[in-house]
$ cat query.txt   # compact mmCIF, C-alpha atoms
# COMPACT_ATOMS: atom_id res chain seq x y z
CA MET A 437 76.81 85.23 103.37
CA LYS A 438 77.99 82.83 100.68
CA PHE A 439 81.16 83.95 98.92
CA VAL A 440 80.69 84.24 95.16
CA ASP A 441 83.63 85.47 93.08
CA GLU A 442 82.28 84.77 89.58
CA ALA A 443 79.01 85.73 87.92
CA TYR A 444 77.59 86.15 84.44
CA ILE A 445 75.14 88.96 83.67
CA ASP A 446 73.28 90.37 80.69
CA ILE A 447 72.96 94.14 80.53
CA ALA A 448 70.97 96.30 78.14
CA ALA A 449 71.03 100.08 77.95
CA GLY A 450 67.79 101.80 76.99
CA ASP A 451 66.84 102.48 73.39
CA GLY A 452 66.39 106.06 72.29
CA GLY A 453 62.87 107.40 71.82
CA ASN A 454 61.50 107.98 68.31
CA GLY A 455 61.13 111.42 66.80
CA CYS A 456 57.66 112.83 66.17
CA VAL A 457 55.95 114.19 63.07
CA SER A 458 53.54 116.95 64.08
CA PHE A 459 52.32 120.30 62.82
CA ARG A 460 51.05 123.35 64.64
CA HIS A 461 47.24 123.62 64.48
CA GLU A 462 45.73 126.82 65.80
CA LYS A 463 42.85 129.00 64.73
CA TYR A 464 43.93 131.69 62.28
CA LYS A 465 47.34 129.96 61.89
CA GLU A 466 46.92 128.27 58.55
CA PHE A 467 50.62 127.43 58.09
CA GLY A 468 51.84 126.86 61.64
CA GLY A 469 54.79 124.75 60.60
CA PRO A 470 56.31 121.59 62.05
CA ASN A 471 56.54 121.14 65.83
CA GLY A 472 57.43 117.48 66.30
CA GLY A 473 59.99 117.03 69.07
CA ASP A 474 62.99 114.70 69.37
CA GLY A 475 62.95 111.45 71.31
CA GLY A 476 64.84 111.16 74.59
CA ARG A 477 68.03 109.15 74.95
CA GLY A 478 67.96 105.71 76.51
CA GLY A 479 69.20 105.10 80.02
CA HIS A 480 72.85 104.22 80.64
CA VAL A 481 74.14 101.30 82.72
CA PHE A 482 76.79 102.27 85.27
CA ALA A 483 78.96 100.21 87.59
CA VAL A 484 80.27 101.59 90.88
CA ALA A 485 82.96 100.13 93.13
CA ASP A 486 81.31 99.75 96.53
CA PRO A 487 83.80 99.14 99.40
CA ASN A 488 80.97 97.72 101.54
CA LEU A 489 80.59 94.68 99.28
CA ASN A 490 82.93 91.71 99.28
CA THR A 491 81.12 89.17 97.10
CA LEU A 492 79.25 88.94 93.78
CA VAL A 493 76.41 86.91 95.27
CA ASP A 494 73.85 89.61 94.32
CA PHE A 495 74.46 88.89 90.65
CA ARG A 496 74.16 85.12 91.00
CA PHE A 497 70.37 85.31 91.26
CA SER A 498 69.79 88.54 89.31
CA ARG A 499 71.29 88.14 85.88
CA ARG A 500 69.32 90.48 83.60
CA HIS A 501 69.70 94.25 84.07
CA GLU A 502 67.93 96.68 81.74
CA ALA A 503 67.79 100.47 81.72
CA LYS A 504 64.63 102.31 80.67
CA ARG A 505 64.15 103.47 77.09
CA GLY A 506 63.81 107.14 76.21
CA GLN A 507 60.38 108.70 75.79
CA HIS A 508 59.14 109.36 72.27
CA GLY A 509 58.98 112.92 71.01
CA MET A 510 55.60 114.68 70.93
CA GLY A 511 53.92 117.61 69.23
CA SER A 512 54.00 121.20 70.47
CA ASP A 513 57.81 121.18 70.47
CA MET A 514 57.92 118.61 73.30
CA PHE A 515 61.04 116.47 73.47
CA GLY A 516 60.92 113.06 75.17
CA HIS A 517 62.70 112.75 78.50
CA ALA A 518 65.73 110.53 78.89
CA GLY A 519 65.32 107.00 80.20
CA ASP A 520 66.27 106.26 83.81
CA ASP A 521 69.84 105.10 84.30
CA ILE A 522 70.68 102.08 86.47
CA THR A 523 73.76 101.68 88.65
CA LEU A 524 75.14 98.25 89.55
CA LYS A 525 77.10 98.08 92.81
CA MET A 526 80.12 95.78 92.63
CA PRO A 527 82.93 94.97 95.08
CA VAL A 528 86.25 96.73 94.76
CA GLY A 529 88.53 94.50 92.72
CA THR A 530 85.89 93.34 90.22
CA ILE A 531 87.11 92.63 86.69
CA ILE A 532 84.49 93.02 83.96
CA THR A 533 85.15 90.99 80.81
CA ASP A 534 83.24 90.26 77.62
CA ALA A 535 81.70 86.81 78.08
CA GLU A 536 82.02 85.96 74.38
CA THR A 537 85.54 87.16 73.55
CA GLY A 538 87.13 87.08 77.00
CA ASP A 539 88.51 90.61 76.56
CA VAL A 540 88.92 92.61 79.76
CA LEU A 541 86.74 95.71 79.49
CA TYR A 542 87.02 97.38 82.91
CA GLU A 543 88.57 96.95 86.35
CA LEU A 544 87.14 98.51 89.48
CA LEU A 545 90.16 99.23 91.66
CA ILE A 546 89.27 102.52 93.38
CA PRO A 547 86.48 102.71 96.00
CA GLY A 548 83.65 104.87 94.68
CA GLU A 549 84.86 104.66 91.08
CA VAL A 550 82.01 104.90 88.56
CA ILE A 551 82.27 103.63 84.98
CA THR A 552 79.78 103.42 82.10
CA ILE A 553 79.49 99.81 80.96
CA ALA A 554 76.64 100.34 78.46
CA LYS A 555 75.52 103.56 76.77
CA GLY A 556 71.92 104.34 76.03
CA GLY A 557 70.85 105.01 72.46
CA ASP A 558 70.39 108.57 71.22
CA GLY A 559 66.87 109.81 70.58
CA GLY A 560 65.52 110.18 67.08
CA PHE A 561 64.88 113.56 65.41
CA GLY A 562 61.41 115.02 65.07
CA ASN A 563 60.25 116.76 61.92
CA MET A 564 61.04 120.23 63.29
CA ARG A 565 64.72 119.30 62.80
CA PHE A 566 64.20 119.00 59.05
CA LYS A 567 62.49 122.31 58.31
CA SER A 568 64.23 124.68 55.95
CA ALA A 569 63.49 127.47 53.52
CA ILE A 570 62.66 124.98 50.76
CA ASN A 571 61.10 122.29 52.97
CA ARG A 572 58.58 124.11 55.11
CA ALA A 573 56.38 121.10 55.86
CA PRO A 574 58.77 118.18 56.42
CA ARG A 575 57.29 114.80 57.20
CA GLN A 576 60.57 113.12 58.01
CA LYS A 577 61.51 111.71 61.36
CA THR A 578 64.14 109.24 62.58
CA PRO A 579 63.75 106.36 65.00
CA GLY A 580 65.75 106.22 68.22
CA TRP A 581 69.10 104.46 68.22
CA PRO A 582 69.28 101.11 70.05
CA GLY A 583 71.14 100.97 73.35
CA GLU A 584 74.19 98.79 73.88
CA LYS A 585 73.61 95.19 74.91
CA LYS A 586 76.37 93.05 76.39
CA GLU A 587 76.96 89.68 77.99
CA LEU A 588 79.51 90.15 80.75
CA LYS A 589 81.53 87.99 83.06
CA LEU A 590 82.25 89.44 86.50
CA GLU A 591 85.32 88.16 88.31
CA LEU A 592 86.39 89.27 91.76
CA LYS A 593 90.03 89.43 92.77
CA VAL A 594 90.36 90.53 96.37
CA LEU A 595 92.62 93.51 96.96
CA ALA A 596 95.14 92.62 99.64
CA ASP A 597 98.72 93.60 100.36
CA VAL A 598 99.73 90.19 101.71
CA GLY A 599 98.56 86.72 100.70
CA LEU A 600 98.88 83.58 102.80
CA LEU A 601 100.00 80.50 100.90
CA GLY A 602 100.25 76.96 102.19
CA MET A 603 98.88 73.46 102.55
CA PRO A 604 95.56 72.78 104.31
CA ASN A 605 95.95 72.92 108.08
CA ALA A 606 99.19 74.93 107.86
CA GLY A 607 97.71 77.47 110.29
CA LYS A 608 96.77 80.26 107.89
CA SER A 609 93.38 80.91 109.52
CA THR A 610 94.96 80.88 112.96
CA LEU A 611 97.59 83.39 111.85
CA ILE A 612 95.10 85.82 110.28
CA THR A 613 93.03 85.59 113.47
CA ALA A 614 96.07 86.31 115.63
CA ILE A 615 97.30 89.37 113.73
CA SER A 616 94.11 90.93 112.32
CA ASN A 617 90.42 91.57 112.96
CA ALA A 618 89.30 88.64 110.76
CA ARG A 619 87.58 85.71 112.45
CA PRO A 620 87.56 82.78 110.02
CA LYS A 621 86.51 79.26 110.96
CA ILE A 622 89.29 77.29 112.67
CA ALA A 623 89.25 73.52 113.23
CA ASP A 624 91.65 70.59 113.46
CA TYR A 625 90.82 69.15 110.04
CA PRO A 626 91.91 70.20 106.54
CA PHE A 627 89.91 72.43 104.17
CA THR A 628 88.30 74.37 107.01
CA THR A 629 88.58 77.53 104.92
CA LEU A 630 86.20 77.36 101.96
CA HIS A 631 86.48 80.95 100.69
CA PRO A 632 88.99 83.81 101.01
CA ASN A 633 89.05 85.86 104.19
CA LEU A 634 90.36 89.41 104.47
CA GLY A 635 91.78 90.97 107.60
CA VAL A 636 93.22 94.38 108.41
CA VAL A 637 96.46 94.25 110.42
CA ARG A 638 97.09 97.30 112.61
CA VAL A 639 100.81 97.92 113.06
CA GLY A 640 100.57 101.36 114.67
CA PRO A 641 98.77 104.69 114.39
CA GLU A 642 97.84 105.16 110.71
CA GLN A 643 99.91 102.07 109.88
CA SER A 644 98.07 99.03 108.56
CA PHE A 645 97.91 96.53 105.73
CA VAL A 646 95.41 93.98 104.41
CA VAL A 647 96.09 90.25 104.49
CA ALA A 648 94.17 87.58 102.53
CA ASP A 649 93.74 83.98 103.63
CA VAL A 650 92.75 81.61 100.79
CA PRO A 651 91.87 77.90 100.94
CA GLY A 652 94.89 75.64 101.22
CA LEU A 653 96.61 74.17 98.19
CA ILE A 654 97.44 70.54 97.51
CA GLU A 655 99.60 68.90 94.88
CA GLY A 656 97.87 69.11 91.52
CA ALA A 657 95.99 72.30 92.44
CA SER A 658 96.90 74.06 89.18
CA ASP A 659 95.15 71.22 87.33
CA GLY A 660 91.98 71.59 89.42
CA ALA A 661 92.63 69.38 92.44
CA GLY A 662 91.33 70.55 95.81
CA LEU A 663 89.83 73.96 96.50
CA GLY A 664 92.74 76.37 96.43
CA HIS A 665 93.11 76.51 92.64
CA GLN A 666 89.78 78.34 92.43
CA PHE A 667 91.16 81.18 94.52
CA LEU A 668 94.80 81.45 93.41
CA ARG A 669 93.86 84.46 91.30
CA HIS A 670 93.09 86.35 94.52
CA LEU A 671 96.83 86.35 95.26
CA GLN A 672 97.76 87.96 91.93
CA ARG A 673 97.28 91.52 93.22
CA THR A 674 99.18 91.07 96.46
CA ARG A 675 102.55 92.72 97.04
CA LEU A 676 103.94 89.91 99.18
CA LEU A 677 103.27 86.19 99.66
CA LEU A 678 103.79 84.42 102.99
CA HIS A 679 104.48 80.73 102.48
CA LEU A 680 103.21 79.15 105.68
CA VAL A 681 104.63 75.73 106.55
CA ASP A 682 103.60 73.39 109.38
CA ILE A 683 106.99 72.61 110.86
CA ALA A 684 105.58 69.94 113.21
CA PRO A 685 102.91 67.89 111.39
CA PHE A 686 100.88 65.38 113.43
CA ASP A 687 101.56 62.62 110.91
CA GLU A 688 105.20 61.59 111.27
CA GLY A 689 105.18 60.26 107.72
CA VAL A 690 104.56 63.71 106.27
CA ASP A 691 107.65 65.58 105.10
CA PRO A 692 107.18 69.40 105.42
CA VAL A 693 109.96 70.02 102.89
CA LYS A 694 108.25 67.87 100.26
CA GLN A 695 104.95 69.66 100.87
CA ALA A 696 106.58 73.09 100.63
CA LYS A 697 108.28 72.18 97.35
CA ALA A 698 104.94 70.93 95.97
CA ILE A 699 103.30 74.28 96.78
CA VAL A 700 106.07 76.22 95.01
CA ALA A 701 105.79 73.93 91.97
CA GLU A 702 102.01 74.45 91.77
CA LEU A 703 102.49 78.21 92.07
CA LYS A 704 104.97 78.26 89.18
CA LYS A 705 102.74 76.04 87.08
CA TYR A 706 99.68 78.22 87.66
CA ASP A 707 101.19 81.66 86.97
CA LYS A 708 104.84 82.61 86.45
CA ALA A 709 104.15 86.22 87.50
CA LEU A 710 102.65 84.98 90.76
CA TYR A 711 105.66 82.73 91.29
CA ASP A 712 108.01 85.70 90.80
CA LYS A 713 106.36 87.81 93.51
CA PRO A 714 108.31 88.36 96.74
CA ARG A 715 107.74 85.27 98.89
CA TRP A 716 108.77 84.87 102.52
CA LEU A 717 109.01 81.58 104.36
CA VAL A 718 107.07 81.41 107.63
CA LEU A 719 107.60 78.30 109.75
CA ASN A 720 104.51 77.90 111.92
CA LYS A 721 103.53 75.78 114.96
CA LEU A 722 106.87 76.36 116.64
CA ASP A 723 105.19 75.69 119.99
CA MET A 724 104.94 72.01 119.00
CA VAL A 725 108.75 71.71 118.84
CA PRO A 726 110.84 71.52 122.05
CA LYS A 727 112.87 74.68 122.58
CA ASP A 728 116.21 72.86 122.56
CA GLU A 729 115.41 71.27 119.17
CA ARG A 730 113.98 74.29 117.36
CA GLU A 731 117.23 75.65 115.98
CA ALA A 732 118.25 72.29 114.52
CA VAL A 733 114.81 71.60 113.05
CA VAL A 734 114.65 75.01 111.37
CA ALA A 735 118.22 74.77 110.04
CA ASP A 736 117.52 71.30 108.60
CA PHE A 737 114.34 72.48 106.90
CA VAL A 738 115.96 75.56 105.32
CA LYS A 739 118.91 73.50 104.12
CA ARG A 740 116.76 70.80 102.51
CA PHE A 741 114.32 73.35 101.07
CA LYS A 742 117.26 75.28 99.56
CA TYR A 743 115.67 78.60 100.48
CA LYS A 744 117.72 81.79 100.63
CA GLY A 745 115.10 84.44 101.39
CA PRO A 746 113.74 85.78 104.68
CA VAL A 747 112.75 83.09 107.19
CA PHE A 748 110.42 83.69 110.16
CA GLN A 749 109.72 81.31 113.02
CA ILE A 750 106.32 81.80 114.64
CA SER A 751 103.55 80.17 116.58
CA ALA A 752 100.25 81.61 115.40
CA LEU A 753 98.48 79.99 118.35
CA THR A 754 100.62 81.66 121.03
CA ARG A 755 101.52 84.72 118.87
CA GLU A 756 105.21 83.98 119.39
CA GLY A 757 107.23 85.73 116.68
CA CYS A 758 104.16 87.43 115.14
CA GLU A 759 105.06 90.96 116.16
CA PRO A 760 108.45 91.10 114.36
CA LEU A 761 106.80 89.47 111.33
CA ILE A 762 104.07 92.08 110.91
CA LYS A 763 106.52 94.96 111.44
CA ASP A 764 108.84 93.64 108.72
CA ILE A 765 105.85 93.12 106.42
CA PHE A 766 104.74 96.72 106.87
CA LYS A 767 108.26 98.02 106.15
CA HIS A 768 108.39 95.96 102.95
CA ILE A 769 104.96 97.11 101.76
CA LYS A 770 105.72 100.75 102.59
CA ALA A 771 108.97 100.59 100.62
CA GLN A 772 107.11 99.15 97.62
CA GLN A 773 104.47 101.86 97.79
CA VAL A 774 107.12 104.57 97.85
CA ALA A 775 108.94 102.98 94.91
CA GLU A 776 105.73 102.84 92.86
CA GLN A 777 104.98 106.54 93.27
CA PRO A 778 105.91 108.68 90.26
CA PRO A 779 108.80 111.13 90.78
CA GLU A 780 107.74 114.56 91.93
CA TYR A 781 107.82 117.12 89.14
CA VAL A 782 110.10 120.09 89.76
CA ASP A 783 109.69 123.18 87.61
CA PRO A 784 113.17 124.01 86.27
CA ARG A 785 112.39 127.71 86.50
CA PHE A 786 112.49 127.51 90.28
CA VAL A 787 115.62 125.40 90.73
CA ASP A 788 117.96 127.17 93.17
CA ASP A 789 121.23 125.87 91.72
CA ALA A 790 120.93 127.86 88.47
CA PRO A 791 124.15 129.91 87.87
CA ASP A 792 123.89 133.62 88.49
CA SER A 793 124.23 135.72 85.34
CA ALA A 794 125.14 138.88 87.24
CA PRO A 795 128.90 139.62 87.64
$ encode --input "query.txt" --output "structure tokens"
Amino acid sequence: MKFVDEAYIDIAAGDGGNGCVSFRHEKYKEFGGPNGGDGGRGGHVFAVADPNLNTLVDFRFSRRHEAKRGQHGMGSDMFGHAGDDITLKMPVGTIITDAETGDVLYELLIPGEVITIAKGGDGGFGNMRFKSAINRAPRQKTPGWPGEKKELKLELKVLADVGLLGMPNAGKSTLITAISNARPKIADYPFTTLHPNLGVVRVGPEQSFVVADVPGLIEGASDGAGLGHQFLRHLQRTRLLLHLVDIAPFDEGVDPVKQAKAIVAELKKYDKALYDKPRWLVLNKLDMVPKDEREAVVADFVKRFKYKGPVFQISALTREGCEPLIKDIFKHIKAQQVAEQPPEYVDPRFVDDAPDSAP
């Protein structure tokens, strides 16, 4: 399935039904009185976060979505029934914004979450609503209210705990294949990955996290060069970034330190908040470096890169060093989750350390 992470749609809630002017007509009932019913409300437009979806491709070819209008009121005290609602299924992580103003209206972050994105119009009043002691034969009615109409932009930001960052051919797809259940395309040429891939990493029983692999970045990505700039926003919700570096490039003229610095510069230029996220350095393709030279190569890279954070040496192809990496990642994510939880409320009436008033 083609990955689509942006779509524009037009939605229209149903209009309310009109009220009715009617009078009771029966034999021997000369003054039966008004019996015109109210119109029914228009149908609402709902959006639901469906965890089984991972792309907005359904909205690329189906742009217009309209709910049914309410039925008009009728005589004999009959009210019109409400219009049928419609529910739009969207992936978890979808941001709904106003296409004209750019204001963010809703975010679908919880699986199964349902929100109302357009309300149907209320039904109009029939003439039985206007009867009174001095107006026994009202001929007034009101039309139904129009339903809400909106032009929306849908934007998908994948929900992942860890994001992989790096140049094309740094080994991101190989790493996500080695540590998770994702099976992205892997080849020996750059830009193999054309859309984000998600994988679930199992650390132990009831211990897992989600990792996102996005297309590789190149210098100038924040200005629109390459493919990765289109998907940098998918890393904005991650808790941790793994900066993957090819420590042994095939081209001897390529400097890994220069490439790594270019990635960091593009990250800072694109979004300062994304730049400030926790970022670990992962030196990949260690199997391409002779064992007796590895320590010197790694030390030289870290010194020239002027990096002071956590450094991991791995080979995604042979899975060397992957196990300690995923365990440390899980510990970091778990600590963040615990820190984000609100403090547990303790009722002061049941605190044990209250002083005794009895002598």
$ atom_distance --input "query.txt" --atom1 "atom CA of A:Asn720" --atom2 "atom CA of A:Pro692"
11.0 Å
$ residues_around --input "query.txt" --residues "stretch 553-568 of chain A" --least-positions-apart "4" --cutoff "6 Å" --atoms "all atoms listed in the file" --output "PyMOL selection string"
chain A and resi 449-457+470-482+572+574-584
$ residues_around --input "query.txt" --residues "A:Ser751" --least-positions-apart "5" --cutoff "7 Å" --atoms "all atoms listed in the file" --output "PyMOL selection string"
chain A and resi 720-723+756-757
$ atom_distance --input "query.txt" --atom1 "atom CA of A:Leu541" --atom2 "atom CA of A:Ala483"
12.1 Å
$ atom_distance --input "query.txt" --atom1 "atom CA of A:Leu600" --atom2 "atom CA of A:Leu677"
6.0 Å
$ closest_residue --input "query.txt" --among "A:Leu545, A:Ala698, A:Leu601, A:Ala614" --to "A:Thr530" --atoms "all atoms listed in the file"
A:Leu545
$ decode --input "query.txt" --residues "stretch 558-569 of chain A" --atoms "all heavy atoms" --output "compact mmCIF listing (two decimals), in the first residue's frame"
# COMPACT_ATOMS: atom_id res chain seq x y z
N ASP A 558 -29.40 21.96 13.90
CA ASP A 558 -30.62 21.63 14.64
C ASP A 558 -31.83 21.73 13.72
O ASP A 558 -31.85 22.52 12.76
CB ASP A 558 -30.80 22.58 15.82
CG ASP A 558 -29.74 22.38 16.89
OD1 ASP A 558 -29.26 21.25 17.03
OD2 ASP A 558 -29.39 23.36 17.57
N GLY A 559 -32.85 20.95 14.03
CA GLY A 559 -34.08 21.00 13.25
C GLY A 559 -34.90 22.23 13.57
O GLY A 559 -34.82 22.79 14.67
N GLY A 560 -35.70 22.65 12.58
CA GLY A 560 -36.56 23.81 12.79
C GLY A 560 -37.80 23.44 13.61
O GLY A 560 -38.16 22.27 13.75
N PHE A 561 -38.47 24.44 14.15
CA PHE A 561 -39.67 24.24 14.96
C PHE A 561 -40.91 24.21 14.08
O PHE A 561 -41.05 25.01 13.15
CB PHE A 561 -39.83 25.36 15.99
CG PHE A 561 -38.79 25.32 17.09
CD1 PHE A 561 -38.46 26.45 17.79
CD2 PHE A 561 -38.16 24.13 17.43
CE1 PHE A 561 -37.53 26.42 18.81
CE2 PHE A 561 -37.23 24.07 18.43
CZ PHE A 561 -36.91 25.22 19.12
N GLY A 562 -41.83 23.30 14.40
CA GLY A 562 -43.13 23.28 13.75
C GLY A 562 -44.08 24.25 14.45
O GLY A 562 -43.77 24.79 15.52
N ASN A 563 -45.27 24.41 13.87
CA ASN A 563 -46.17 25.43 14.43
C ASN A 563 -46.76 25.04 15.78
O ASN A 563 -47.24 25.89 16.51
CB ASN A 563 -47.28 25.76 13.43
CG ASN A 563 -48.22 24.59 13.19
OD1 ASN A 563 -47.85 23.42 13.39
ND2 ASN A 563 -49.45 24.88 12.77
N MET A 564 -46.68 23.74 16.16
CA MET A 564 -47.20 23.38 17.47
C MET A 564 -46.34 23.96 18.60
O MET A 564 -46.78 24.07 19.74
CB MET A 564 -47.31 21.86 17.62
CG MET A 564 -46.00 21.11 17.50
SD MET A 564 -46.20 19.34 17.65
CE MET A 564 -46.78 19.20 19.32
N ARG A 565 -45.10 24.38 18.26
CA ARG A 565 -44.23 25.00 19.25
C ARG A 565 -44.69 26.42 19.58
O ARG A 565 -44.28 26.97 20.61
CB ARG A 565 -42.80 25.05 18.70
CG ARG A 565 -42.11 23.71 18.60
CD ARG A 565 -41.43 23.36 19.89
NE ARG A 565 -40.57 22.19 19.75
CZ ARG A 565 -39.77 21.75 20.70
NH1 ARG A 565 -39.74 22.39 21.85
NH2 ARG A 565 -39.04 20.68 20.52
N PHE A 566 -45.47 27.03 18.70
CA PHE A 566 -45.81 28.44 18.87
C PHE A 566 -47.23 28.66 19.43
O PHE A 566 -47.66 29.79 19.55
CB PHE A 566 -45.69 29.17 17.52
CG PHE A 566 -44.29 29.15 16.96
CD1 PHE A 566 -43.92 28.18 16.04
CD2 PHE A 566 -43.37 30.09 17.36
CE1 PHE A 566 -42.64 28.16 15.52
CE2 PHE A 566 -42.08 30.07 16.84
CZ PHE A 566 -41.70 29.11 15.92
N LYS A 567 -47.94 27.58 19.73
CA LYS A 567 -49.30 27.77 20.23
C LYS A 567 -49.28 28.32 21.65
O LYS A 567 -48.37 28.01 22.45
CB LYS A 567 -50.07 26.46 20.18
CG LYS A 567 -49.55 25.38 21.11
CD LYS A 567 -50.38 24.12 20.98
CE LYS A 567 -49.84 23.03 21.93
NZ LYS A 567 -50.63 21.78 21.81
N SER A 568 -50.25 29.13 21.93
CA SER A 568 -50.38 29.72 23.26
C SER A 568 -51.84 30.08 23.48
O SER A 568 -52.70 29.89 22.61
CB SER A 568 -49.49 30.96 23.39
OG SER A 568 -49.94 31.99 22.52
N ALA A 569 -52.12 30.65 24.63
CA ALA A 569 -53.50 31.00 24.96
C ALA A 569 -54.04 32.10 24.05
O ALA A 569 -55.24 32.19 23.81
CB ALA A 569 -53.59 31.42 26.42
